[in-house]
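Trainee: Next comes the structure file coords35.json, holding JSON, C-alpha atoms.
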```json
[["chain", "number", "residue", "atom", "x", "y", "z"],
["W", 1, "MET", "CA", -35.63, 57.56, -6.90],
["W", 2, "THR", "CA", -35.87, 54.18, -5.21],
["W", 3, "GLY", "CA", -33.54, 52.41, -7.65],
["W", 4, "ILE", "CA", -30.73, 54.86, -6.93],
["W", 5, "ASP", "CA", -31.14, 54.36, -3.18],
["W", 6, "VAL", "CA", -31.01, 50.57, -3.52],
["W", 7, "ALA", "CA", -27.94, 50.81, -5.74],
["W", 8, "LEU", "CA", -26.23, 53.19, -3.31],
["W", 9, "ALA", "CA", -26.87, 50.78, -0.42],
["W", 10, "LEU", "CA", -25.46, 47.88, -2.46],
["W", 11, "LEU", "CA", -22.36, 49.89, -3.38],
["W", 12, "VAL", "CA", -21.80, 50.81, 0.26],
["W", 13, "VAL", "CA", -22.00, 47.12, 1.18],
["W", 14, "ALA", "CA", -19.45, 46.31, -1.53],
["W", 15, "CYS", "CA", -17.13, 49.07, -0.28],
["W", 16, "LEU", "CA", -17.39, 47.84, 3.30],
["W", 17, "ALA", "CA", -16.59, 44.28, 2.20],
["W", 18, "SER", "CA", -13.51, 45.41, 0.29],
["W", 19, "THR", "CA", -12.44, 47.51, 3.29],
["W", 20, "TYR", "CA", -12.64, 44.36, 5.40],
["W", 21, "ARG", "CA", -10.41, 42.55, 2.91],
["W", 22, "MET", "CA", -7.99, 45.49, 2.88],
["W", 23, "ILE", "CA", -7.65, 45.32, 6.67],
["W", 24, "ALA", "CA", -7.65, 41.52, 7.00],
["W", 25, "GLY", "CA", -6.01, 40.38, 3.75],
["W", 26, "PRO", "CA", -3.09, 38.05, 4.45],
["W", 27, "ALA", "CA", -0.95, 38.99, 1.44],
["W", 28, "GLU", "CA", -0.06, 42.46, 0.21],
["W", 29, "ALA", "CA", -1.67, 41.62, -3.14],
["W", 30, "ASP", "CA", -5.00, 41.10, -1.35],
["W", 31, "ARG", "CA", -4.83, 44.62, 0.03],
["W", 32, "VAL", "CA", -4.00, 46.01, -3.41],
["W", 33, "VAL", "CA", -6.96, 44.18, -4.96],
["W", 34, "ALA", "CA", -9.27, 45.46, -2.23],
["W", 35, "ALA", "CA", -8.02, 49.01, -2.79],
["W", 36, "ASP", "CA", -8.75, 48.62, -6.49],
["W", 37, "LEU", "CA", -12.31, 47.48, -5.86],
["W", 38, "LEU", "CA", -12.79, 50.23, -3.26],
["W", 39, "LEU", "CA", -11.74, 52.84, -5.83],
["W", 40, "PHE", "CA", -14.18, 51.48, -8.41],
["W", 41, "GLY", "CA", -16.95, 51.40, -5.82],
["W", 42, "MET", "CA", -16.26, 55.00, -4.86],
["W", 43, "VAL", "CA", -16.47, 56.01, -8.53],
["W", 44, "GLY", "CA", -19.90, 54.38, -8.71],
["W", 45, "ILE", "CA", -20.99, 56.10, -5.50],
["W", 46, "ILE", "CA", -19.83, 59.47, -6.88],
["W", 47, "ALA", "CA", -21.89, 58.91, -10.03],
["W", 48, "LEU", "CA", -25.03, 57.94, -8.10],
["W", 49, "VAL", "CA", -24.77, 60.74, -5.54],
["W", 50, "GLY", "CA", -24.22, 63.24, -8.36],
["W", 51, "VAL", "CA", -27.36, 62.05, -10.14],
["W", 52, "ARG", "CA", -29.34, 62.01, -6.89],
["W", 53, "THR", "CA", -28.45, 65.63, -6.11],
["W", 54, "ALA", "CA", -28.91, 66.61, -9.81],
["W", 55, "SER", "CA", -25.40, 68.02, -9.95],
["W", 56, "ALA", "CA", -24.17, 69.44, -13.27],
["W", 57, "ALA", "CA", -20.56, 68.27, -12.83],
["W", 58, "THR", "CA", -21.34, 64.58, -12.17],
["W", 59, "PHE", "CA", -19.88, 63.06, -15.29],
["W", 60, "ASP", "CA", -16.81, 65.32, -15.31],
["W", 61, "ILE", "CA", -15.97, 64.10, -11.81],
["W", 62, "VAL", "CA", -16.64, 60.47, -12.76],
["W", 63, "LEU", "CA", -14.39, 60.80, -15.82],
["W", 64, "VAL", "CA", -11.51, 62.18, -13.77],
["W", 65, "ALA", "CA", -12.09, 59.70, -10.93],
["W", 66, "SER", "CA", -12.05, 56.65, -13.22],
["W", 67, "MET", "CA", -8.76, 57.81, -14.75],
["W", 68, "ILE", "CA", -7.32, 58.36, -11.26],
["W", 69, "ALA", "CA", -8.47, 54.83, -10.39],
["W", 70, "PHE", "CA", -6.46, 53.48, -13.33],
["W", 71, "LEU", "CA", -3.38, 55.45, -12.25],
["W", 72, "GLY", "CA", -3.85, 54.23, -8.69],
["W", 73, "ALA", "CA", -4.01, 50.60, -9.82],
["W", 74, "LEU", "CA", -0.84, 51.01, -11.85],
["W", 75, "SER", "CA", 1.07, 52.69, -9.03],
["W", 76, "LEU", "CA", -0.08, 50.12, -6.50],
["W", 77, "ALA", "CA", 1.08, 47.40, -8.88],
["W", 78, "ARG", "CA", 4.46, 49.10, -9.14],
["W", 79, "THR", "CA", 4.64, 49.40, -5.37],
["W", 80, "LEU", "CA", 3.90, 45.69, -5.03],
["W", 81, "THR", "CA", 7.06, 44.81, -6.96],
["W", 82, "ARG", "CA", 9.10, 47.39, -4.99],
["W", 83, "GLY", "CA", 9.68, 49.60, -8.02],
["W", 84, "ASN", "CA", 10.82, 46.88, -10.41],
["W", 85, "ARG", "CA", 8.94, 46.44, -13.65],
["K", 86, "MET", "CA", -41.82, 58.06, -14.18],
["K", 87, "SER", "CA", -40.81, 57.66, -17.81],
["K", 88, "ALA", "CA", -39.58, 54.50, -19.47],
["K", 89, "LEU", "CA", -36.09, 56.01, -19.70],
["K", 90, "GLU", "CA", -35.95, 56.44, -15.95],
["K", 91, "ILE", "CA", -37.11, 52.89, -15.32],
["K", 92, "VAL", "CA", -34.43, 51.48, -17.63],
["K", 93, "GLY", "CA", -31.87, 53.73, -15.96],
["K", 94, "GLN", "CA", -32.78, 52.56, -12.49],
["K", 95, "VAL", "CA", -32.66, 48.91, -13.57],
["K", 96, "LEU", "CA", -29.20, 49.46, -15.07],
["K", 97, "VAL", "CA", -27.96, 51.22, -11.93],
["K", 98, "VAL", "CA", -29.16, 48.40, -9.69],
["K", 99, "LEU", "CA", -27.62, 45.81, -12.03],
["K", 100, "GLY", "CA", -24.27, 47.59, -11.88],
["K", 101, "ALA", "CA", -24.45, 47.72, -8.10],
["K", 102, "LEU", "CA", -25.21, 43.98, -8.08],
["K", 103, "VAL", "CA", -22.08, 43.38, -10.16],
["K", 104, "PHE", "CA", -20.14, 45.27, -7.49],
["K", 105, "VAL", "CA", -21.70, 43.22, -4.70],
["K", 106, "THR", "CA", -20.76, 40.03, -6.55],
["K", 107, "ALA", "CA", -17.18, 41.23, -6.89],
["K", 108, "ALA", "CA", -17.07, 42.16, -3.21],
["K", 109, "LEU", "CA", -18.40, 38.71, -2.33],
["K", 110, "GLY", "CA", -15.61, 37.21, -4.41],
["K", 111, "VAL", "CA", -13.00, 39.43, -2.76],
["K", 112, "VAL", "CA", -14.16, 38.33, 0.68],
["K", 113, "ARG", "CA", -14.72, 34.64, 0.00],
["K", 114, "PHE", "CA", -12.19, 33.54, -2.64],
["K", 115, "PRO", "CA", -9.18, 31.61, -1.33],
["K", 116, "ASP", "CA", -6.12, 33.41, -2.78],
["K", 117, "ALA", "CA", -5.09, 36.72, -4.30],
["K", 118, "TYR", "CA", -5.35, 35.68, -7.96],
["K", 119, "THR", "CA", -8.99, 34.59, -7.79],
["K", 120, "ARG", "CA", -9.79, 37.85, -6.01],
["K", 121, "ILE", "CA", -8.05, 39.77, -8.78],
["K", 122, "SER", "CA", -10.20, 38.00, -11.37],
["K", 123, "ALA", "CA", -13.34, 38.99, -9.45],
["K", 124, "VAL", "CA", -12.32, 42.65, -9.33],
["K", 125, "GLY", "CA", -11.47, 42.74, -13.05],
["K", 126, "THR", "CA", -15.07, 41.99, -13.96],
["K", 127, "ALA", "CA", -16.51, 44.65, -11.67],
["K", 128, "GLY", "CA", -14.11, 47.32, -12.85],
["K", 129, "GLY", "CA", -15.25, 46.94, -16.43],
["K", 130, "ALA", "CA", -18.90, 45.91, -16.39],
["K", 131, "GLY", "CA", -19.97, 47.43, -13.08],
["K", 132, "ILE", "CA", -18.76, 50.97, -13.75],
["K", 133, "VAL", "CA", -20.15, 50.90, -17.30],
["K", 134, "LEU", "CA", -23.60, 49.77, -16.11],
["K", 135, "VAL", "CA", -23.75, 52.31, -13.28],
["K", 136, "VAL", "CA", -22.61, 55.24, -15.44],
["K", 137, "VAL", "CA", -24.93, 54.42, -18.36],
["K", 138, "GLY", "CA", -27.82, 54.07, -15.91],
["K", 139, "ALA", "CA", -26.90, 57.43, -14.38],
["K", 140, "LEU", "CA", -26.93, 58.95, -17.87],
["K", 141, "LEU", "CA", -30.45, 57.64, -18.52],
["K", 142, "LEU", "CA", -31.57, 59.17, -15.22],
["K", 143, "GLN", "CA", -29.98, 62.54, -16.03],
["K", 144, "PRO", "CA", -30.04, 62.75, -19.84],
["K", 145, "GLY", "CA", -28.33, 65.39, -21.94],
["K", 146, "VAL", "CA", -26.08, 65.79, -24.95],
["K", 147, "SER", "CA", -22.87, 66.82, -23.17],
["K", 148, "ALA", "CA", -23.47, 64.17, -20.52],
["K", 149, "ALA", "CA", -23.86, 61.57, -23.28],
["K", 150, "VAL", "CA", -20.52, 62.56, -24.80],
["K", 151, "LYS", "CA", -18.80, 62.34, -21.41],
["K", 152, "VAL", "CA", -20.41, 58.98, -20.70],
["K", 153, "ALA", "CA", -19.24, 57.61, -24.06],
["K", 154, "LEU", "CA", -15.72, 58.76, -23.15],
["K", 155, "ILE", "CA", -15.96, 57.21, -19.69],
["K", 156, "VAL", "CA", -17.20, 53.88, -21.08],
["K", 157, "ALA", "CA", -14.47, 53.69, -23.74],
["K", 158, "LEU", "CA", -11.67, 54.65, -21.35],
["K", 159, "GLN", "CA", -12.96, 52.43, -18.56],
["K", 160, "LEU", "CA", -13.24, 49.36, -20.77],
["K", 161, "ALA", "CA", -9.75, 50.04, -22.12],
["K", 162, "THR", "CA", -7.99, 50.73, -18.83],
["K", 163, "SER", "CA", -9.64, 48.59, -16.15],
["K", 164, "SER", "CA", -8.44, 45.30, -17.62],
["K", 165, "VAL", "CA", -4.94, 46.75, -18.07],
["K", 166, "GLY", "CA", -4.84, 47.85, -14.44],
["K", 167, "THR", "CA", -6.10, 44.50, -13.23],
["K", 168, "MET", "CA", -3.53, 42.63, -15.29],
["K", 169, "ALA", "CA", -0.77, 44.90, -13.95],
["K", 170, "VAL", "CA", -1.83, 44.11, -10.39],
["K", 171, "ALA", "CA", -1.96, 40.37, -11.14],
["K", 172, "ARG", "CA", 1.45, 40.45, -12.80],
["K", 173, "SER", "CA", 3.08, 42.24, -9.87],
["K", 174, "ALA", "CA", 1.36, 39.88, -7.46],
["K", 175, "TYR", "CA", 2.97, 36.92, -9.24],
["K", 176, "LEU", "CA", 6.37, 38.64, -9.54],
["K", 177, "SER", "CA", 6.38, 39.52, -5.84],
["K", 178, "GLY", "CA", 5.83, 35.87, -4.95],
["K", 179, "THR", "CA", 2.27, 35.86, -3.69],
["K", 180, "PRO", "CA", 1.44, 32.20, -3.00],
["K", 181, "LEU", "CA", -1.02, 30.30, -5.18],
["K", 182, "ARG", "CA", -3.46, 28.13, -3.31],
["K", 183, "ARG", "CA", -3.16, 25.08, -5.56],
["K", 184, "THR", "CA", 0.03, 24.78, -7.55],
["K", 185, "HIS", "CA", -0.64, 21.71, -9.67],
["K", 186, "TYR", "CA", -0.14, 23.86, -12.76],
["K", 187, "ASP", "CA", 2.03, 26.97, -12.81],
["K", 188, "ASP", "CA", 2.71, 27.81, -16.43],
["K", 189, "LEU", "CA", 4.58, 30.98, -15.47],
["K", 190, "ASP", "CA", 7.17, 29.12, -13.39],
["K", 191, "THR", "CA", 10.52, 29.43, -15.17],
["K", 192, "GLY", "CA", 12.52, 27.45, -12.62],
["K", 193, "GLY", "CA", 14.62, 30.38, -11.47],
["K", 194, "ALA", "CA", 15.45, 31.80, -14.91],
["K", 195, "PRO", "CA", 14.84, 35.56, -15.28],
["K", 196, "ARG", "CA", 11.42, 36.51, -16.54]]
```
Starting from the file, lay out its structure as structure tokens.
Mentor:
Amino acid sequence: MTGIDVALALLVVACLASTYRMIAGPAEADRVVAADLLLFGMVGIIALVGVRTASAATFDIVLVASMIAFLGALSLARTLTRGNR
Amino acid sequence: MSALEIVGQVLVVLGALVFVTAALGVVRFPDAYTRISAVGTAGGAGIVLVVVGALLLQPGVSAAVKVALIVALQLATSSVGTMAVARSAYLSGTPLRRTHYDDLDTGGAPR
């Protein structure tokens, strides 16, 4: 299972980098973009951890999580314009 | 280790590399719009590569159906979400780094 471990480490690095941008980002849009990437990275981590532990519900969780990521991106975009379309 | 597993592990690592590239872009790019373009790629291609690789590592019929659904929905929605974020970033007045060309600038008229 070495490939999964390498991929998990890379995803953790990506999540840490986007967390840095979320904390440091000068504009609000930077924080929104970092939150978007963090959500996608967490979806990937969920998929890999589910495969690594041979869980039966892996792909159900990934399906729901990717849809929640889409809803999160849309609501963050709405928040960015203060509720205006 | 079967050939399916090897292909799956290669796909998983490739997807993770797409994510690392996007994270590098988010950290290093100069303004919000270039960062948004970096994230848009990872949301589509990265998730698809990781999930298809995970399917090859844990094969099954019901898993294959779910993965097909995930891939279709992810490819359809990630670009829409990214464009929504970029549009609100422009509407909320996030500064561009170089403004030689701003085709969206209407000179104060309502958009």
Trainee: Find the residues in chain K near chain W: any atom within 6 Å counts, using only C-alpha atoms. Write them as an MDAnalysis selection string.
Mentor: chainID K and resid 94 98 101 105 108 117 121 124 155 166 169:170 173:174 177
Trainee: Tell me, as a PyMOL selection string, which residues lie within 7 Å of Leu134 of chain K, counting only C-alpha atoms; anything in the same chain fewer than 4 positions away does not count.
Mentor: chain K and resi 96-97+99-100+130+138
Trainee: For a quick check of understanding, using only C-alpha atoms, which of K:Arg172, K:Lys151, K:Arg182, K:Arg120 has the smallest distance to Ala139 of chain K?
Mentor: K:Lys151
Trainee: So how far away is atom CA of Ile91 of chain K from atom CA of Ile132 of chain K, in Å?
Mentor: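 One can read the atom CA of Ile132 of chain K to atom CA of Ile91 of chain K distance as 18.5 Å.
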